[in-house]
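File shown: model37.tsv (TSV, C-alpha atoms).
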```tsv
chain	number	residue	atom	x	y	z
A	1	MET	CA	-9.34	0.31	22.12
A	2	ARG	CA	-11.05	-2.72	20.60
A	3	ASP	CA	-8.04	-4.82	21.59
A	4	LEU	CA	-8.80	-4.23	25.28
A	5	GLY	CA	-12.06	-6.14	24.88
A	6	VAL	CA	-10.39	-8.81	22.75
A	7	GLY	CA	-7.72	-9.38	25.40
A	8	PHE	CA	-10.31	-9.66	28.16
A	9	GLY	CA	-12.26	-12.02	25.95
A	10	TYR	CA	-9.27	-14.37	25.74
A	11	LEU	CA	-9.07	-14.37	29.53
A	12	LEU	CA	-12.72	-15.41	29.76
A	13	LYS	CA	-12.37	-18.00	26.98
A	14	GLY	CA	-9.44	-19.57	28.81
A	15	GLN	CA	-11.49	-19.93	31.97
A	16	ARG	CA	-14.37	-21.44	30.02
A	17	TRP	CA	-11.99	-23.91	28.35
A	18	VAL	CA	-10.70	-25.33	31.63
A	19	ALA	CA	-14.24	-25.38	33.04
A	20	ARG	CA	-15.15	-27.84	30.27
A	21	HIS	CA	-11.98	-29.92	30.73
A	22	GLY	CA	-12.13	-30.94	34.35
A	23	ARG	CA	-9.09	-33.22	34.42
A	24	SER	CA	-6.80	-30.62	32.89
A	25	TYR	CA	-8.11	-28.08	35.36
A	26	GLY	CA	-7.57	-30.37	38.33
A	27	PHE	CA	-3.98	-31.16	37.39
A	28	GLY	CA	-3.36	-27.49	36.61
A	29	LEU	CA	-4.30	-26.53	40.17
A	30	LEU	CA	-1.47	-28.53	41.78
A	31	PRO	CA	1.48	-26.22	40.92
A	32	GLY	CA	-0.46	-23.18	42.11
A	33	LEU	CA	-1.33	-24.81	45.42
A	34	ILE	CA	2.31	-25.72	46.04
A	35	THR	CA	3.49	-22.20	45.20
A	36	LEU	CA	0.73	-20.63	47.30
A	37	VAL	CA	1.85	-22.51	50.40
A	38	LEU	CA	5.45	-21.34	49.90
A	39	TYR	CA	4.46	-17.72	49.29
A	40	ALA	CA	2.01	-17.66	52.21
A	41	ALA	CA	4.76	-18.87	54.53
A	42	ALA	CA	7.12	-16.16	53.25
A	43	LEU	CA	4.52	-13.38	53.66
A	44	VAL	CA	3.60	-14.55	57.16
A	45	ALA	CA	7.29	-14.50	58.10
A	46	LEU	CA	7.57	-10.99	56.67
A	47	ALA	CA	4.55	-9.84	58.68
A	48	VAL	CA	5.88	-11.38	61.91
A	49	TRP	CA	9.51	-10.34	61.66
A	50	GLY	CA	9.28	-7.32	59.33
A	51	ALA	CA	9.26	-4.82	62.21
A	52	ASP	CA	12.36	-6.45	63.71
A	53	ALA	CA	14.13	-6.25	60.34
A	54	VAL	CA	13.26	-2.57	59.99
A	55	GLY	CA	14.49	-1.88	63.53
A	56	TRP	CA	17.77	-3.64	62.79
A	57	ALA	CA	18.19	-1.69	59.52
A	58	THR	CA	17.50	1.73	61.13
A	59	PRO	CA	19.76	1.98	64.23
A	60	PHE	CA	19.99	5.73	63.71
A	61	ALA	CA	16.34	6.01	64.86
A	62	ASP	CA	16.93	4.31	68.23
A	63	ASP	CA	17.19	7.64	70.05
A	64	TRP	CA	14.27	9.33	68.34
A	65	SER	CA	11.50	10.51	70.63
A	66	SER	CA	7.95	9.23	70.54
A	67	PRO	CA	5.90	9.21	68.35
A	68	TRP	CA	8.38	9.85	65.51
A	69	GLN	CA	10.32	6.64	65.93
A	70	GLY	CA	7.16	4.53	65.85
A	71	LEU	CA	5.68	6.41	62.91
A	72	PHE	CA	8.90	6.20	60.91
A	73	ARG	CA	9.50	2.50	61.52
A	74	GLY	CA	5.83	1.69	61.14
A	75	PHE	CA	5.80	3.37	57.74
A	76	LEU	CA	8.91	1.46	56.64
A	77	THR	CA	7.42	-1.82	57.88
A	78	ALA	CA	4.26	-1.18	55.87
A	79	VAL	CA	6.32	-0.31	52.79
A	80	LEU	CA	8.42	-3.46	53.24
A	81	PHE	CA	5.31	-5.65	53.39
A	82	ALA	CA	3.76	-3.84	50.40
A	83	LEU	CA	6.91	-4.45	48.37
A	84	GLY	CA	6.88	-8.08	49.42
A	85	LEU	CA	3.26	-8.39	48.32
A	86	LEU	CA	4.00	-6.69	44.99
A	87	LEU	CA	6.97	-8.99	44.45
A	88	ALA	CA	4.77	-11.98	45.27
A	89	VAL	CA	2.20	-10.90	42.66
A	90	LEU	CA	4.89	-10.29	40.03
A	91	THR	CA	6.72	-13.56	40.65
A	92	PHE	CA	3.85	-15.91	41.51
A	93	THR	CA	3.11	-16.66	37.88
A	94	ALA	CA	6.76	-17.27	36.98
A	95	VAL	CA	7.37	-19.58	39.94
A	96	THR	CA	4.09	-21.46	39.42
A	97	LEU	CA	4.85	-21.94	35.72
A	98	LEU	CA	8.32	-23.20	36.59
A	99	VAL	CA	6.97	-25.64	39.19
A	100	GLY	CA	4.20	-26.79	36.86
A	101	GLN	CA	6.05	-26.72	33.53
A	102	PRO	CA	4.97	-30.22	32.38
A	103	PHE	CA	1.36	-29.62	33.46
A	104	TYR	CA	1.01	-26.29	31.72
A	105	GLU	CA	2.87	-27.40	28.59
A	106	ASN	CA	0.36	-30.24	28.27
A	107	LEU	CA	-2.59	-27.94	28.91
A	108	SER	CA	-1.37	-25.38	26.38
A	109	GLU	CA	-0.89	-28.10	23.75
A	110	LYS	CA	-4.47	-29.27	24.29
A	111	VAL	CA	-5.80	-25.75	23.81
A	112	ASP	CA	-3.76	-25.40	20.61
A	113	ALA	CA	-5.08	-28.69	19.25
A	114	ASP	CA	-8.63	-27.78	20.29
A	115	VAL	CA	-8.73	-24.51	18.36
A	116	SER	CA	-6.46	-25.45	15.47
A	117	PRO	CA	-8.31	-26.09	12.19
A	118	ASP	CA	-6.31	-29.31	11.67
A	119	ASP	CA	-6.41	-30.42	15.36
A	120	THR	CA	-2.63	-30.23	15.71
A	121	ALA	CA	-0.42	-28.37	18.17
A	122	PRO	CA	3.18	-27.16	17.87
A	123	ARG	CA	5.56	-29.25	19.96
A	124	SER	CA	8.99	-28.51	21.33
A	125	ASP	CA	11.83	-30.88	20.48
A	126	LEU	CA	13.91	-29.72	23.46
A	127	PRO	CA	14.49	-31.97	26.49
A	128	LEU	CA	12.52	-31.11	29.62
A	129	LEU	CA	15.60	-29.96	31.54
A	130	ARG	CA	16.56	-27.64	28.69
A	131	GLU	CA	13.04	-26.19	28.63
A	132	LEU	CA	13.13	-25.67	32.39
A	133	TRP	CA	16.47	-23.88	32.11
A	134	ILE	CA	15.21	-21.55	29.36
A	135	SER	CA	12.03	-20.86	31.29
A	136	ALA	CA	13.92	-20.07	34.51
A	137	ARG	CA	16.45	-17.87	32.69
A	138	ASP	CA	13.77	-15.90	30.85
A	139	SER	CA	11.68	-15.54	34.01
A	140	LEU	CA	14.67	-14.08	35.81
A	141	ARG	CA	15.21	-11.57	33.01
A	142	VAL	CA	11.55	-10.57	33.11
A	143	LEU	CA	11.70	-10.29	36.90
A	144	VAL	CA	14.66	-7.89	36.62
A	145	ARG	CA	12.69	-5.72	34.20
A	146	ALA	CA	9.64	-5.82	36.45
A	147	GLY	CA	11.81	-5.01	39.47
A	148	LEU	CA	13.21	-1.91	37.77
A	149	TRP	CA	9.67	-0.75	37.04
A	150	GLY	CA	8.74	-1.47	40.66
A	151	VAL	CA	11.60	0.65	42.00
A	152	LEU	CA	10.69	3.51	39.64
A	153	LEU	CA	7.00	3.40	40.58
A	154	PHE	CA	7.89	3.19	44.28
A	155	ALA	CA	9.96	6.35	43.98
A	156	LEU	CA	7.20	8.13	42.03
A	157	GLY	CA	4.75	7.11	44.74
A	158	PHE	CA	6.13	9.84	46.99
A	159	LEU	CA	4.97	12.56	44.58
A	160	PRO	CA	1.96	14.45	45.96
A	161	PHE	CA	-1.39	13.45	44.45
A	162	VAL	CA	0.19	11.75	41.40
A	163	GLY	CA	1.79	9.12	43.60
A	164	GLN	CA	-1.56	8.22	45.15
A	165	THR	CA	-3.65	8.26	41.95
A	166	VAL	CA	-1.77	7.88	38.67
A	167	VAL	CA	1.14	5.72	39.84
A	168	PRO	CA	-0.99	2.83	41.21
A	169	VAL	CA	-2.90	2.69	37.90
A	170	ILE	CA	0.35	2.54	35.94
A	171	GLY	CA	1.54	-0.16	38.33
A	172	PHE	CA	-1.44	-2.38	37.51
A	173	PHE	CA	-0.85	-1.99	33.76
A	174	VAL	CA	2.84	-2.82	34.19
A	175	THR	CA	1.93	-5.87	36.27
A	176	GLY	CA	-0.59	-6.95	33.64
A	177	PHE	CA	1.99	-6.69	30.87
A	178	PHE	CA	4.55	-8.86	32.63
A	179	LEU	CA	1.92	-11.39	33.78
A	180	THR	CA	0.82	-11.80	30.18
A	181	GLU	CA	4.41	-12.28	29.03
A	182	GLU	CA	4.99	-15.06	31.55
A	183	LEU	CA	1.76	-16.84	30.64
A	184	ALA	CA	2.11	-16.47	26.87
A	185	ALA	CA	5.69	-17.75	27.14
A	186	VAL	CA	4.33	-21.29	27.64
A	187	ALA	CA	2.86	-21.38	24.13
A	188	MET	CA	5.50	-19.20	22.46
A	189	GLN	CA	8.51	-21.01	23.89
A	190	ARG	CA	7.05	-24.23	22.49
A	191	ARG	CA	7.14	-22.52	19.09
A	192	GLY	CA	10.76	-21.43	19.51
A	193	VAL	CA	9.94	-17.73	20.02
A	194	ASP	CA	12.65	-16.27	22.27
A	195	LEU	CA	12.21	-13.64	24.98
A	196	ARG	CA	13.22	-10.65	22.83
A	197	ALA	CA	10.77	-11.63	20.09
A	198	ARG	CA	8.02	-12.24	22.67
A	199	LEU	CA	8.47	-8.80	24.20
A	200	SER	CA	8.44	-7.21	20.75
A	201	LEU	CA	5.18	-8.96	19.87
A	202	LEU	CA	3.57	-7.94	23.15
A	203	ARG	CA	4.66	-4.31	22.79
A	204	SER	CA	3.21	-4.20	19.28
A	205	ARG	CA	-0.29	-4.70	20.74
A	206	LYS	CA	-0.15	-3.30	24.25
A	207	THR	CA	-3.90	-2.76	24.56
A	208	LEU	CA	-4.53	-6.44	23.79
A	209	VAL	CA	-2.00	-7.40	26.46
A	210	TRP	CA	-3.45	-4.96	29.00
A	211	GLY	CA	-6.97	-6.21	28.35
A	212	PHE	CA	-5.82	-9.72	29.24
A	213	GLY	CA	-3.24	-9.13	31.97
A	214	THR	CA	-4.48	-6.11	33.94
A	215	PRO	CA	-7.79	-7.67	35.10
A	216	LEU	CA	-5.87	-10.85	35.87
A	217	GLY	CA	-3.31	-8.92	37.93
A	218	LEU	CA	-6.11	-7.28	39.91
A	219	ALA	CA	-7.73	-10.67	40.52
A	220	PHE	CA	-4.41	-12.10	41.67
A	221	LEU	CA	-4.39	-9.60	44.55
A	222	VAL	CA	-7.30	-11.49	46.12
A	223	PRO	CA	-5.98	-14.33	48.32
A	224	PHE	CA	-6.20	-17.81	46.76
A	225	VAL	CA	-7.76	-16.50	43.51
A	226	ALA	CA	-4.50	-16.86	41.58
A	227	VAL	CA	-4.41	-20.60	42.24
A	228	PHE	CA	-7.84	-21.19	40.74
A	229	LEU	CA	-7.37	-18.85	37.77
A	230	MET	CA	-3.91	-20.08	36.72
A	231	PRO	CA	-5.01	-23.03	34.52
A	232	GLY	CA	-7.54	-20.85	32.68
A	233	ALA	CA	-4.99	-18.04	32.42
A	234	VAL	CA	-2.55	-20.40	30.67
A	235	ALA	CA	-5.34	-21.53	28.32
A	236	GLY	CA	-6.34	-17.94	27.55
A	237	ALA	CA	-2.73	-16.87	27.03
A	238	THR	CA	-2.35	-19.67	24.48
A	239	LEU	CA	-5.26	-18.21	22.52
A	240	LEU	CA	-3.71	-14.74	22.82
A	241	ALA	CA	-0.36	-16.08	21.60
A	242	ARG	CA	-2.03	-17.54	18.51
A	243	ASP	CA	-3.55	-14.14	17.80
A	244	LEU	CA	-0.19	-12.35	18.18
A	245	LEU	CA	1.50	-14.85	15.90
A	246	GLY	CA	-1.26	-14.60	13.29
A	247	GLU	CA	-2.19	-18.29	13.51
A	248	GLU	CA	-5.55	-19.39	12.20
A	249	THR	CA	-8.08	-20.45	14.80
A	250	GLY	CA	-11.08	-22.59	13.98
A	251	GLU	CA	-14.43	-20.85	14.30
A	252	ASP	CA	-15.65	-21.06	17.92
A	253	GLY	CA	-12.87	-23.57	18.55
A	254	ALA	CA	-12.18	-22.29	22.05
A	255	ASP	CA	-15.80	-22.69	23.03
A	256	ALA	CA	-16.74	-25.94	21.31
A	257	PRO	CA	-16.84	-28.96	23.65
A	258	ARG	CA	-14.49	-31.87	23.05
A	259	THR	CA	-15.46	-35.50	23.35
A	260	GLN	CA	-12.41	-36.52	25.40
A	261	ASP	CA	-9.80	-35.02	27.67
A	262	VAL	CA	-6.69	-37.14	28.17
A	263	THR	CA	-4.26	-36.02	30.86
A	264	PRO	CA	-0.95	-37.83	31.41
```

As structure tokens:
Amino acid sequence: MRDLGVGFGYLLKGQRWVARHGRSYGFGLLPGLITLVLYAAALVALAVWGADAVGWATPFADDWSSPWQGLFRGFLTAVLFALGLLLAVLTFTAVTLLVGQPFYENLSEKVDADVSPDDTAPRSDLPLLRELWISARDSLRVLVRAGLWGVLLFALGFLPFVGQTVVPVIGFFVTGFFLTEELAAVAMQRRGVDLRARLSLLRSRKTLVWGFGTPLGLAFLVPFVAVFLMPGAVAGATLLARDLLGEETGEDGADAPRTQDVTP
């Protein structure tokens, strides 16, 4: 259980790191703001036209008497919006990281150099387009896995009592795991660690991953919070990746102030 606290500690250390490096934080906000606008537009459209979509998809209920037709379609509309919101939470990180790949790569490198005993950071020799392709491909694979979990949990949600108590808790842990994978991928991909190896590392210390990702997933449910936490989440995930890979970290390196902060 100690790893739960360690994981949460990395989340806090990441936020403290960006708080001390204002320029990196400012640039790191841009991808999240862009993604937020796109997602907000999609969710508003879902809220406005979701009922129409449900009505179109359930013609068999046209002749149902009141109030059953309204209750049935209202329930499906609520479920549709809830699924859209869950999908937004699960994919927000992946899309934001894809949009902000150069920003977050640079931020992660700075964190690595800051906490490394020799002030160096691993660098990728791949071209930017190649990195973007690998990131998009891996994100899609992770999204498929997360989607399968989402479908399973949605089905289990209809079970009496368990569906209203246990299933939501499991859902938050699942969300936290996949959020952590997406965020840690920035640092691990730079080190040449592929998706299968990343998932194996994360599964080997699930409580560490849950301690980092589950509180973050809960925070991401609050509107606009994800945008402001993303830069610190990337910084914290870099520290977590170093831990998983057994890399040495300088004493108090994540908390010691730096004399300069150069952002391209």

Counting all atoms listed in the file, which residues of region 91-132 of chain A fall within 9 Å of region 182-190 of chain A, and what is the closest atom pair for each with its distance in Å at one decimal, ordered by chain and rising number, as CSV?
```
residue,atom,partner,partner_atom,distance
A:Thr93,CA,A:Glu182,CA,6.8
A:Ala94,CA,A:Glu182,CA,6.1
A:Leu97,CA,A:Leu183,CA,7.8
A:Gln101,CA,A:Val186,CA,8.2
A:Tyr104,CA,A:Val186,CA,7.3
A:Glu105,CA,A:Val186,CA,6.4
A:Ser108,CA,A:Ala187,CA,6.2
A:Glu109,CA,A:Ala187,CA,7.7
A:Asp112,CA,A:Ala187,CA,8.5
A:Pro122,CA,A:Arg190,CA,6.7
A:Arg123,CA,A:Arg190,CA,5.8
A:Ser124,CA,A:Arg190,CA,4.8
A:Asp125,CA,A:Arg190,CA,8.4
A:Leu126,CA,A:Arg190,CA,8.8
A:Glu131,CA,A:Gln189,CA,8.4
```

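Excluding Leu12 (chain A) itself and any same-chain residue fewer than 2 positions from it, the protein and nucleic acid residues within 10 Å of it, counting only C-alpha atoms, are A:Val6, A:Gly7, A:Phe8, A:Gly9, A:Tyr10, A:Gly14, A:Gln15, A:Arg16, A:Trp17, A:Phe212, A:Gly232, A:Ala233, A:Ala235, A:Gly236.
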
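Nearest residue to Phe178 (chain A) among A:Ala197, A:Ala57, A:Val89, A:Leu244 is A:Val89, counting all atoms listed in the file.
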
Taking 6 positions as the minimum chain separation for residues in the same chain, which residues sit within 9 Å of region 201-206 of chain A when counting all atoms listed in the file? Answer as a PDB file with C-alpha atoms, in the coordinates of the input.
```pdb
ATOM      1  CA  ASP A   3      -8.040  -4.820  21.590  1.00  0.00           C
ATOM      2  CA  LEU A   4      -8.800  -4.230  25.280  1.00  0.00           C
ATOM      3  CA  PHE A 177       1.990  -6.690  30.870  1.00  0.00           C
ATOM      4  CA  THR A 180       0.820 -11.800  30.180  1.00  0.00           C
ATOM      5  CA  GLU A 181       4.410 -12.280  29.030  1.00  0.00           C
ATOM      6  CA  LEU A 244      -0.190 -12.350  18.180  1.00  0.00           C
ATOM      7  CA  LEU A 245       1.500 -14.850  15.900  1.00  0.00           C
TER       8      LEU A 245
END
```

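Distance annotation: of A:Val95, A:Val144, A:Gly211, A:Phe228, the residue with the minimal separation from Phe172 (chain A) is A:Gly211; atom set is only C-alpha atoms.
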
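When all atoms listed in the file are used to compute distances to Ala121 (chain A), the closest of the residues A:Gln69, A:Glu247, A:Arg141, A:Leu216 turns out to be A:Glu247.
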
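Closest approach to Ala45 (chain A) from the set A:Phe173, A:Phe81, A:Phe72, A:Phe92 is made by A:Phe81, with distances taken over all atoms listed in the file.
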
Atom pair CA of Ala51 (chain A) / CA of Thr77 (chain A): separation (Å): 5.6 Å

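Closest approach to Thr207 (chain A) among A:Met1, A:Leu153, A:Ala47, A:Ala226 is made by A:Met1 (distances from all atoms listed in the file).
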
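Summary of the local environment: counting all atoms listed in the file, residues at most 12 Å from Phe224 (chain A), other than itself and those fewer than 6 positions away along its chain, are Leu29, Gly32, Leu33, Ile34, Thr35, Leu36, Val37, Tyr39, Ala40, Val89, Phe92 and Met230 of chain A.
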
re CA of Ala78 (chain A) and CA of Gly150 (chain A): distance 15.9 Å

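If you measure from each of A:Gly171, A:Gly84, A:Gly74, A:Gly246 to Ala146 (chain A) using all atoms listed in the file, the closest one turns out to be A:Gly171.
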
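Coordinates place CA of Leu208 (chain A) at a distance of 7.6 Å from CA of Gly5 (chain A).
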
Please work out which residues fall within 10 Å of (1.1, 2.9, 37.5), coordinates as given in the file, with only C-alpha atoms counting, and return them as a ChimeraX atom specification. /A:149-150,152-154,156-157,162-175

Near Ala61 (chain A), within 12 Å and counting only C-alpha atoms, which residues show up once chain neighbours fewer than 3 positions away are dropped, as a VMD selection string? chain A and resid 54 to 58 64 to 74 76
